[in-house]
Protein chains: 2
Amino acid sequence: MTYCVAMCLDEGLVCLSDSRTNAGVDHINTFRKMIVFERPGDRVVVLMSAGNLAITQAVVNLLREHANVQDHESVWSAATMFECARMVGDTVRRVYQRDAAALKEFGVDFNASFILCGQIDNEPPRLFQIYAAGNFIEASEDTPYFQIGESKYGKPIIDRVVSSATSLDEAAKCALISMDSTIRSNLSVGLPLDLLVYRRDQLKVARHVSIDWDNPYFNMIHSQWGASLRRVFGELPDPNWATWPEGAAAPCVPQPAEGKDAA
Amino acid sequence: MTYCVAMCLDEGLVCLSDSRTNAGVDHINTFRKMIVFERPGDRVVVLMSAGNLAITQAVVNLLREHANVQDHESVWSAATMFECARMVGDTVRRVYQRDAAALKEFGVDFNASFILCGQIDNEPPRLFQIYAAGNFIEASEDTPYFQIGESKYGKPIIDRVVSSATSLDEAAKCALISMDSTIRSNLSVGLPLDLLVYRRDQLKVARHVSIDWDNPYFNMIHSQWGASLRRVFGELPDPNWATWPEGAAAPCVPQPAEGKDAA
């Protein structure tokens with residue numbers, strides 16, 4: 001599996017992806033899930049992917065091929081992030097038309113999802129999630145983040161901490177904690193990580209780093225967050241049963257009445 | 001959906017279940033997911049269920065029916081928890097044989113899972129997870145807990161806090177935090193909760209309470225845990241980018257070379 005998260009905040013964008021892929025537990029590899037299109041002064045566009053690796057690589061390769069040809073319609077030529085999202089969706093649909101029937105013969109679902117975010121020219125930064133069907137949704141102030149892949153383990157901390165007003169540094173910290181919780185609870189998500197921070201209206205990438213186990217900050221998160229959790233867990237009082245209200249508890253099964261015989 | 005968790009600790013057992021069921025978002029109901037078989041001095045057996053409500057109710061009803069008939073083979077007559085687990089597994093298989101084909105006609109999977117735990121006579125307390133196929137696994141000292149239903153949101157806190165040596169009160173607190181995180185992140189899990197605490201070798205239920213929004217302890221957990229998390233989150237330092245090692249970041253897509261034309 002994979003875990004990717006992106007947040008669209010007042011200050012800009014934070015993207016984080018892992019790089020573990022697996023087909024069963026004995027075929028685990030490292031593949032980057034994030035690609036970046038940057039033309040300083042004009043646009044920064046980030047695409048992250050999760051799902052069947054053959055499908056997501058096909059989509060990414062088609063987008064790269066088009067981006068590599070001058071004057072071809074591509075991420076470089078899109079006038080808005082919405083146009084980019086439509087382009088990614090259309091590309092997913094092309095791959096679907098080519099591959100889905102053959103995959104189905106082998107019982108393989110057409111499973112792929114994408115996070116696309118960035119800023120083009122004088123648009124504000126925007127964040128989209130694109131589904132396997134090629135349709136997509138956009139983040140809003142109320143829901144400023146999207147996750148794809150193994151998203152559930154790392155969702156509670158984001159729900160509790162992140163809003164549009166969160167700073168980029170705090171959002172990066174939260175994304176790394178969310179990733180650490182996911183890695184601890186799920187074998188199929190693993191380092192190295194790709195972290196990208198984009199500051200609103202700069203039209204160039206602010207930070208773009210690869211994080212492995214030799215990264216002191218991620219190691220600090222990894223050891224300190226668990227310790228902090230255990231500390232505040234210990235500080236919360238244990239239940240004092242004597243003070244609990246009597247509630248209607250779940251049903252107890254009565255024992256059989258005398259004389260109600262099996263025979 | 002549902003979320004149920006049970007922990008098998010040196011001191012005994014802790015079980016927690018929610019009571020939300022839904023078939024779509026406009027058909028949400030309250031059904032208890034926990035039933036208890038208690039014969040003081042002899043046995044306490046707790047069964048929790050998740051999945052298709054018609055299937056899990058059929059399994060539970062069959063088990064209750066048998067338990068209600070004197071001298072019938074049932075949870076009351078099982079000599080060990082292993083025998084109980086086999087009985088539940090066999091009952092799941094009977095329901096499968098009766099219903100699975102008809103469900104398949106309507107495109108409905110045979111989806112059900114169960115947690116069974118308890119203590120019978122002079123056996124130690126034991127904990128099992130039973131699958132839709134009727135097979136099952138048992139918890140061990142290394143993996144002292146099982147979850148069914150919407151399990152991922154609430155897994156990281158258990159992974160970080162609970163071991164076999166955790167006290168019953170702390171385990172109950174952790175289960176409630178795990179449930180609170182799940183409820184916050186997933187609409188389909190909801191109150192009231194059923195919490196059962198069993199102290200090893202007592203052969204009777206220690207605590208068995210229903211928890212609704214009027215429960216002061218759960219309300220304290222609900223408000224304090226989020227606040228505590230935000231506090232320790234704030235205490236962890238933000239990334240100091242100046243000190244970060246240069247890593248090989250994810251690929252940037254190059255802009256097309258001059259002269260490489262689309263035409």
# chains A, B, ... in the order shown; residues from 1 in each chain; ligands from 1
>>> residues_around(residues="stretch 212-227 of chain B", least_positions_apart="4", cutoff="10 Å", atoms="only C-alpha atoms", output="number ranges by chain")
A: 156-157, 159-161, 229, 232-233, 236-241, 243-247; B: 173-174, 176-177, 179-181, 183-184, 190-194, 231-233
>>> select_by_dssp(residues="stretch 101-153 of chain A", states="helix (DSSP H, G or I)", output="MDAnalysis selection string")
chainID A and resid 101:105
>>> residues_around(residues="A:Phe136", least_positions_apart="6", cutoff="8 Å", atoms="only C-alpha atoms", output="VMD selection string")
chain A and resid 85 89 128 to 130
>>> atom_distance(atom1="atom CA of A:Phe82", atom2="atom CA of A:Leu116")
9.7 Å
>>> residues_around(residues="A:Thr30", least_positions_apart="2", cutoff="7 Å", atoms="only C-alpha atoms", output="ChimeraX atom specification")
/A:19-21,32
>>> write_last_selection(atoms="C-alpha atoms", output="PDB file, in the first residue's frame")
ATOM      1  CA  SER A  19       7.513   5.058  -0.973  1.00  0.00           C
ATOM      2  CA  ARG A  20       6.531   1.492  -0.090  1.00  0.00           C
ATOM      3  CA  THR A  21       4.846  -0.690  -2.664  1.00  0.00           C
ATOM      4  CA  ARG A  32       8.407   7.298  -5.245  1.00  0.00           C
TER       5      ARG A  32
END
>>> select_by_dssp(residues="stretch 39-254 of chain B", states="strand (DSSP E)", output="ChimeraX atom specification")
/B:39,43-51,112-120,126-130,136-138,145-149,193-199,207-211
>>> atom_distance(atom1="atom CA of B:Cys8", atom2="atom CA of A:Ser185")
19.1 Å
>>> closest_residue(among="B:Ala101, B:Ile120, B:Val59, B:Ala67", to="B:Thr80", atoms="only C-alpha atoms")
B:Ile120
>>> closest_residue(among="A:Leu16, A:Ala172, A:Val36, A:Leu47", to="chain B", atoms="only C-alpha atoms")
A:Val36
>>> closest_residue(among="B:Leu13, B:Val162, B:Ala133, B:Val46", to="B:Gln97", atoms="only C-alpha atoms")
B:Ala133
>>> residues_around(residues="B:His66", least_positions_apart="2", cutoff="12 Å", atoms="only C-alpha atoms", output="MDAnalysis selection string")
(chainID A and resid 253:256 260:262) or (chainID B and resid 59:64 68:78 87:88 91)
>>> closest_residue(among="B:Lys204, B:Ile55, B:Phe31, B:Glu235", to="B:Ala100", atoms="only C-alpha atoms")
B:Ile55
>>> atom_distance(atom1="atom CA of A:Ser140", atom2="atom CA of A:Glu123")
14.6 Å
>>> closest_residue(among="B:His208, B:Arg199, B:Arg126, B:Arg93", to="chain A", atoms="only C-alpha atoms")
B:His208
>>> decode(residues="stretch 125-141 of chain B", atoms="C-alpha atoms", output="PDB file, in the first residue's frame")
ATOM      1  CA  PRO B 125      -8.942 -15.873  30.289  1.00  0.00           C
ATOM      2  CA  ARG B 126      -8.778 -16.245  26.506  1.00  0.00           C
ATOM      3  CA  LEU B 127      -9.532 -14.033  23.515  1.00  0.00           C
ATOM      4  CA  PHE B 128     -10.446 -15.090  19.957  1.00  0.00           C
ATOM      5  CA  GLN B 129     -11.282 -13.420  16.672  1.00  0.00           C
ATOM      6  CA  ILE B 130     -13.647 -15.395  14.445  1.00  0.00           C
ATOM      7  CA  TYR B 131     -13.919 -14.756  10.714  1.00  0.00           C
ATOM      8  CA  ALA B 132     -16.819 -15.048   8.281  1.00  0.00           C
ATOM      9  CA  ALA B 133     -15.426 -18.417   7.153  1.00  0.00           C
ATOM     10  CA  GLY B 134     -15.828 -19.744  10.690  1.00  0.00           C
ATOM     11  CA  ASN B 135     -12.081 -20.053  11.268  1.00  0.00           C
ATOM     12  CA  PHE B 136     -10.478 -18.168  14.124  1.00  0.00           C
ATOM     13  CA  ILE B 137      -7.268 -16.949  15.752  1.00  0.00           C
ATOM     14  CA  GLU B 138      -6.347 -16.493  19.413  1.00  0.00           C
ATOM     15  CA  ALA B 139      -4.638 -13.508  21.033  1.00  0.00           C
ATOM     16  CA  SER B 140      -1.234 -13.976  22.639  1.00  0.00           C
ATOM     17  CA  GLU B 141       1.024 -12.057  24.989  1.00  0.00           C
TER      18      GLU B 141
END
